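S.K.: structure_4.cif (mmCIF, C-alpha atoms) pasted underneath:
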data_run
loop_
_atom_site.label_atom_id
_atom_site.label_comp_id
_atom_site.auth_asym_id
_atom_site.auth_seq_id
_atom_site.Cartn_x
_atom_site.Cartn_y
_atom_site.Cartn_z
CA MET N 12 -100.47 -45.41 57.35
CA THR N 13 -102.14 -48.10 55.27
CA ARG N 14 -105.74 -47.72 54.11
CA TRP N 15 -106.48 -51.44 54.34
CA PRO N 16 -105.18 -54.28 56.48
CA LEU N 17 -101.78 -55.59 55.43
CA PRO N 18 -101.54 -59.21 54.37
CA GLU N 19 -100.05 -61.37 57.13
CA PRO N 20 -96.88 -62.15 55.13
CA MET N 21 -96.12 -58.44 54.74
CA ARG N 22 -96.77 -57.84 58.44
CA ARG N 23 -94.25 -60.60 59.17
CA ALA N 24 -91.75 -59.11 56.71
CA LEU N 25 -92.06 -55.77 58.52
CA GLU N 26 -91.42 -57.51 61.86
CA LEU N 27 -88.32 -59.10 60.37
CA ALA N 28 -87.17 -55.69 59.13
CA GLN N 29 -87.40 -54.46 62.73
CA VAL N 30 -85.27 -57.43 63.86
CA ALA N 31 -82.70 -56.47 61.22
CA ALA N 32 -82.63 -52.85 62.41
CA ALA N 33 -82.15 -53.95 66.03
CA ALA N 34 -79.11 -55.94 64.87
CA GLY N 35 -77.66 -52.91 63.06
CA GLU N 36 -78.66 -54.20 59.63
CA VAL N 37 -80.54 -52.15 57.04
CA PRO N 38 -84.17 -52.91 57.96
CA VAL N 39 -85.42 -55.16 55.18
CA GLY N 40 -87.45 -58.32 55.76
CA ALA N 41 -88.69 -60.98 53.37
CA VAL N 42 -91.12 -63.89 53.51
CA VAL N 43 -91.72 -66.73 51.03
CA VAL N 44 -95.26 -68.10 50.89
CA LYS N 45 -96.56 -71.25 49.20
CA ASP N 46 -100.23 -72.17 49.17
CA GLY N 47 -100.96 -69.46 51.73
CA VAL N 48 -98.38 -70.74 54.24
CA ILE N 49 -95.10 -69.04 55.13
CA VAL N 50 -92.38 -71.55 54.24
CA ALA N 51 -89.33 -69.36 54.84
CA GLU N 52 -88.33 -65.92 55.98
CA GLY N 53 -85.25 -63.77 56.29
CA HIS N 54 -83.91 -60.33 56.95
CA ASN N 55 -80.74 -58.56 55.94
CA LEU N 56 -77.66 -60.30 57.34
CA THR N 57 -74.91 -58.65 55.29
CA ARG N 58 -73.10 -57.15 58.28
CA THR N 59 -73.86 -60.00 60.67
CA ASP N 60 -72.56 -62.65 58.26
CA ASN N 61 -69.97 -60.47 56.48
CA ASP N 62 -71.71 -61.53 53.29
CA PRO N 63 -72.66 -58.91 50.68
CA THR N 64 -75.15 -61.37 49.15
CA ALA N 65 -77.10 -61.89 52.40
CA HIS N 66 -79.95 -59.57 51.46
CA ALA N 67 -83.33 -60.43 52.97
CA GLU N 68 -84.67 -61.78 49.67
CA VAL N 69 -81.68 -64.05 49.06
CA VAL N 70 -81.75 -65.33 52.65
CA ALA N 71 -85.48 -66.12 52.37
CA ILE N 72 -85.11 -67.72 48.92
CA ARG N 73 -82.22 -69.94 50.12
CA ARG N 74 -84.23 -71.05 53.14
CA ALA N 75 -87.35 -71.71 51.05
CA ALA N 76 -85.40 -73.80 48.54
CA ALA N 77 -83.93 -75.84 51.40
CA ALA N 78 -87.32 -76.24 53.12
CA LEU N 79 -89.06 -77.31 49.92
CA GLY N 80 -86.17 -79.38 48.57
CA ASP N 81 -86.18 -77.64 45.21
CA GLU N 82 -84.21 -74.78 43.65
CA ARG N 83 -87.30 -73.72 41.73
CA LEU N 84 -89.86 -72.01 43.87
CA THR N 85 -92.67 -72.31 41.34
CA GLY N 86 -95.99 -71.41 42.92
CA CYS N 87 -94.34 -69.35 45.66
CA ASP N 88 -94.85 -65.69 46.43
CA LEU N 89 -92.23 -63.36 47.91
CA TYR N 90 -93.13 -60.47 50.20
CA VAL N 91 -90.32 -57.99 50.84
CA THR N 92 -90.34 -54.59 52.50
CA LEU N 93 -88.12 -52.84 49.93
CA GLU N 94 -87.92 -52.93 46.14
CA PRO N 95 -85.36 -55.61 45.24
CA CYS N 96 -81.93 -54.67 43.89
CA ALA N 97 -80.55 -56.17 40.66
CA MET N 98 -78.95 -59.12 42.49
CA CYS N 99 -82.18 -59.97 44.31
CA ALA N 100 -84.34 -59.48 41.21
CA GLY N 101 -82.04 -61.93 39.41
CA ALA N 102 -82.40 -64.44 42.24
CA ILE N 103 -86.20 -64.02 42.17
CA SER N 104 -86.20 -64.72 38.43
CA HIS N 105 -83.90 -67.75 38.70
CA ALA N 106 -85.98 -69.15 41.58
CA ARG N 107 -89.13 -68.82 39.43
CA ILE N 108 -91.03 -66.90 42.12
CA GLY N 109 -94.61 -66.50 40.88
CA ARG N 110 -95.53 -63.20 42.51
CA LEU N 111 -93.46 -60.45 44.10
CA TYR N 112 -95.04 -58.07 46.59
CA TYR N 113 -92.92 -55.24 47.90
CA GLY N 114 -93.39 -52.23 50.13
CA ALA N 115 -91.19 -49.19 49.62
CA SER N 116 -89.77 -48.25 46.24
CA ASP N 117 -86.02 -47.71 46.06
CA PRO N 118 -85.06 -45.04 43.49
CA LYS N 119 -81.37 -45.38 44.40
CA GLY N 120 -80.84 -49.16 44.49
CA GLY N 121 -84.02 -50.77 43.24
CA ALA N 122 -84.07 -52.74 40.01
CA VAL N 123 -87.75 -53.51 39.46
CA GLU N 124 -89.37 -50.13 38.78
CA PHE N 125 -86.11 -48.15 38.97
CA GLY N 126 -82.56 -48.66 37.75
CA ALA N 127 -81.88 -51.81 35.77
CA ARG N 128 -85.54 -52.89 35.63
CA VAL N 129 -84.38 -56.49 35.54
CA PHE N 130 -87.76 -58.02 34.77
CA ALA N 131 -88.16 -55.79 31.69
CA GLN N 132 -84.94 -57.08 30.10
CA ALA N 133 -85.11 -59.55 27.20
CA GLN N 134 -82.49 -61.67 28.98
CA CYS N 135 -84.72 -62.18 32.04
CA LEU N 136 -85.49 -65.90 32.29
CA HIS N 137 -88.71 -65.60 34.28
CA VAL N 138 -90.84 -62.59 35.12
CA PRO N 139 -93.00 -62.72 38.25
CA GLU N 140 -96.20 -60.78 38.67
CA VAL N 141 -95.19 -57.63 40.58
CA TYR N 142 -97.26 -55.71 43.12
CA SER N 143 -95.69 -52.64 44.72
CA GLY N 144 -96.69 -50.35 47.56
CA ILE N 145 -97.86 -53.09 49.95
CA GLY N 146 -96.97 -51.66 53.37
CA GLU N 147 -95.05 -48.86 51.70
CA GLY N 148 -95.64 -46.34 54.49
CA GLU N 149 -94.52 -48.68 57.27
CA ALA N 150 -91.50 -49.92 55.34
CA GLY N 151 -90.45 -46.40 54.36
CA GLU N 152 -90.76 -45.18 57.95
CA LEU N 153 -88.54 -48.02 59.20
CA LEU N 154 -85.89 -47.20 56.61
CA ARG N 155 -86.00 -43.44 57.19
CA GLY N 156 -85.77 -43.88 60.95
CA PHE N 157 -82.85 -46.29 60.64
CA PHE N 158 -80.81 -43.91 58.49
CA VAL N 159 -81.68 -40.82 60.54
CA GLU N 160 -80.25 -42.53 63.63
CA ARG N 161 -76.99 -43.25 61.80
CA ARG N 162 -76.38 -39.72 60.51
#
What does the file become when written as structure tokens?
M.R.:
Amino acid sequence: MTRWPLPEPMRRALELAQVAAAAGEVPVGAVVVKDGVIVAEGHNLTRTDNDPTAHAEVVAIRRAAAALGDERLTGCDLYVTLEPCAMCAGAISHARIGRLYYGASDPKGGAVEFGARVFAQAQCLHVPEVYSGIGEGEAGELLRGFFVERR
């Protein structure tokens, strides 16, 4: 599916997305990296935790902030399998994530290249560098398969 090897953090995010799917969650995984080392990870837990804010990105950002002892994740990168929604894009901005790498685009709920385009708004406090399409095929296949099974 991918023409070149996926970066290790995105491979791990895809593994986490599979864990989410096995638990009945929408298959999205996220990994926070600092200085080339994974410092935190997460996958969707909205149904498991009965928490609408427990998206993979928010879970990983919360865990990274706790692990690093700082609410600002300056110098950190976030790898996530799906384009972040408006809530997650806001959290990424507030956390001061340096670079965002995501897999599949989300025309329906995404807010980076689609929808609200949070990082393009004048009110956005911090804009990360954004790289899309990293593991897009694998991430898209996981999502399509998950929703096909539920229909």
S.K.: Name every residue that the PyMOL selection byres ((chain N and resi 103) around 12) selects in this structure, writing the answer as a VMD selection string with chains first and numbers rising.
M.R.: chain N and resid 41 43 67 to 73 75 to 76 82 to 85 87 to 91 94 to 102 104 to 112 122 to 123 129 to 130 135 to 141
S.K.: Once the PyMOL selection byres ((chain N and resi 36) around 10) has been applied to the shown file, what residues remain in the selection, as a PDB file with C-alpha atoms, in the coordinates of the input?
M.R.:
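File part05.pdb, as written:
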ATOM      1  CA  ALA N  28     -87.170 -55.690  59.130  1.00  0.00           C
ATOM      2  CA  GLN N  29     -87.400 -54.460  62.730  1.00  0.00           C
ATOM      3  CA  VAL N  30     -85.270 -57.430  63.860  1.00  0.00           C
ATOM      4  CA  ALA N  31     -82.700 -56.470  61.220  1.00  0.00           C
ATOM      5  CA  ALA N  32     -82.630 -52.850  62.410  1.00  0.00           C
ATOM      6  CA  ALA N  33     -82.150 -53.950  66.030  1.00  0.00           C
ATOM      7  CA  ALA N  34     -79.110 -55.940  64.870  1.00  0.00           C
ATOM      8  CA  GLY N  35     -77.660 -52.910  63.060  1.00  0.00           C
ATOM      9  CA  VAL N  37     -80.540 -52.150  57.040  1.00  0.00           C
ATOM     10  CA  PRO N  38     -84.170 -52.910  57.960  1.00  0.00           C
ATOM     11  CA  VAL N  39     -85.420 -55.160  55.180  1.00  0.00           C
ATOM     12  CA  HIS N  54     -83.910 -60.330  56.950  1.00  0.00           C
ATOM     13  CA  ASN N  55     -80.740 -58.560  55.940  1.00  0.00           C
ATOM     14  CA  LEU N  56     -77.660 -60.300  57.340  1.00  0.00           C
ATOM     15  CA  THR N  57     -74.910 -58.650  55.290  1.00  0.00           C
ATOM     16  CA  ARG N  58     -73.100 -57.150  58.280  1.00  0.00           C
ATOM     17  CA  THR N  59     -73.860 -60.000  60.670  1.00  0.00           C
ATOM     18  CA  HIS N  66     -79.950 -59.570  51.460  1.00  0.00           C
ATOM     19  CA  PHE N 157     -82.850 -46.290  60.640  1.00  0.00           C
TER      20      PHE N 157
END
S.K.: For atom CA of Glu52 of chain N and atom CA of Glu19 of chain N, quote the distance in Å rounded to one decimal.
M.R.: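 Straight-line distance from atom CA of Glu52 of chain N to atom CA of Glu19 of chain N works out to 12.6 Å.
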S.K.: Taking all atoms of segment 47-50 of chain N that the file lists, what box with edges along x, y and z, padded by 3 Å per side, do you get, with centre and edge lengths in Å to one decimal, as lines of an AutoDock Vina configuration file?
M.R.:
center_x = -96.7
center_y = -70.3
center_z = 53.4
size_x = 14.6
size_y = 8.5
size_z = 9.4
S.K.: Under the rule that all atoms listed in the file are counted, which of N:Gly156, N:Gly126, N:Pro63, N:Gly114 is the nearest residue to Gly40 of chain N?
M.R.: N:Gly114
S.K.: N:Arg128, N:Ala78, N:Leu27, N:Pro20: which is nearest Val48 of chain N, counting all atoms listed in the file?
M.R.: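 Using all atoms listed in the file, Val48 of chain N sits closest to N:Pro20.
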S.K.: Work out how far apart atom CA of Leu79 of chain N and atom CA of Val50 of chain N are and give it in Å to one decimal.
M.R.: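 Between atom CA of Leu79 of chain N and atom CA of Val50 of chain N the gap works out to 7.9 Å.
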S.K.: Using all atoms listed in the file for the distances, tell me which of N:Glu147, N:Asp46, N:Glu160, N:Asp60 is nearest to Leu93 of chain N.
M.R.: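 For Leu93 of chain N, the nearest of the candidates is N:Glu147.
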S.K.: Can you work out the spacing between atom CA of Gly47 of chain N and atom CA of Arg22 of chain N in Å, to one decimal?
M.R.: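 Value for the atom CA of Gly47 of chain N-atom CA of Arg22 of chain N distance: 14.1 Å.
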S.K.: Kindly indicate which residue among N:Thr92, N:Arg162, N:Leu154, N:Gly80 lies nearest to Arg23 of chain N, using all atoms listed in the file for the distances.
M.R.: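 Smallest separation from Arg23 of chain N among the options: N:Thr92.
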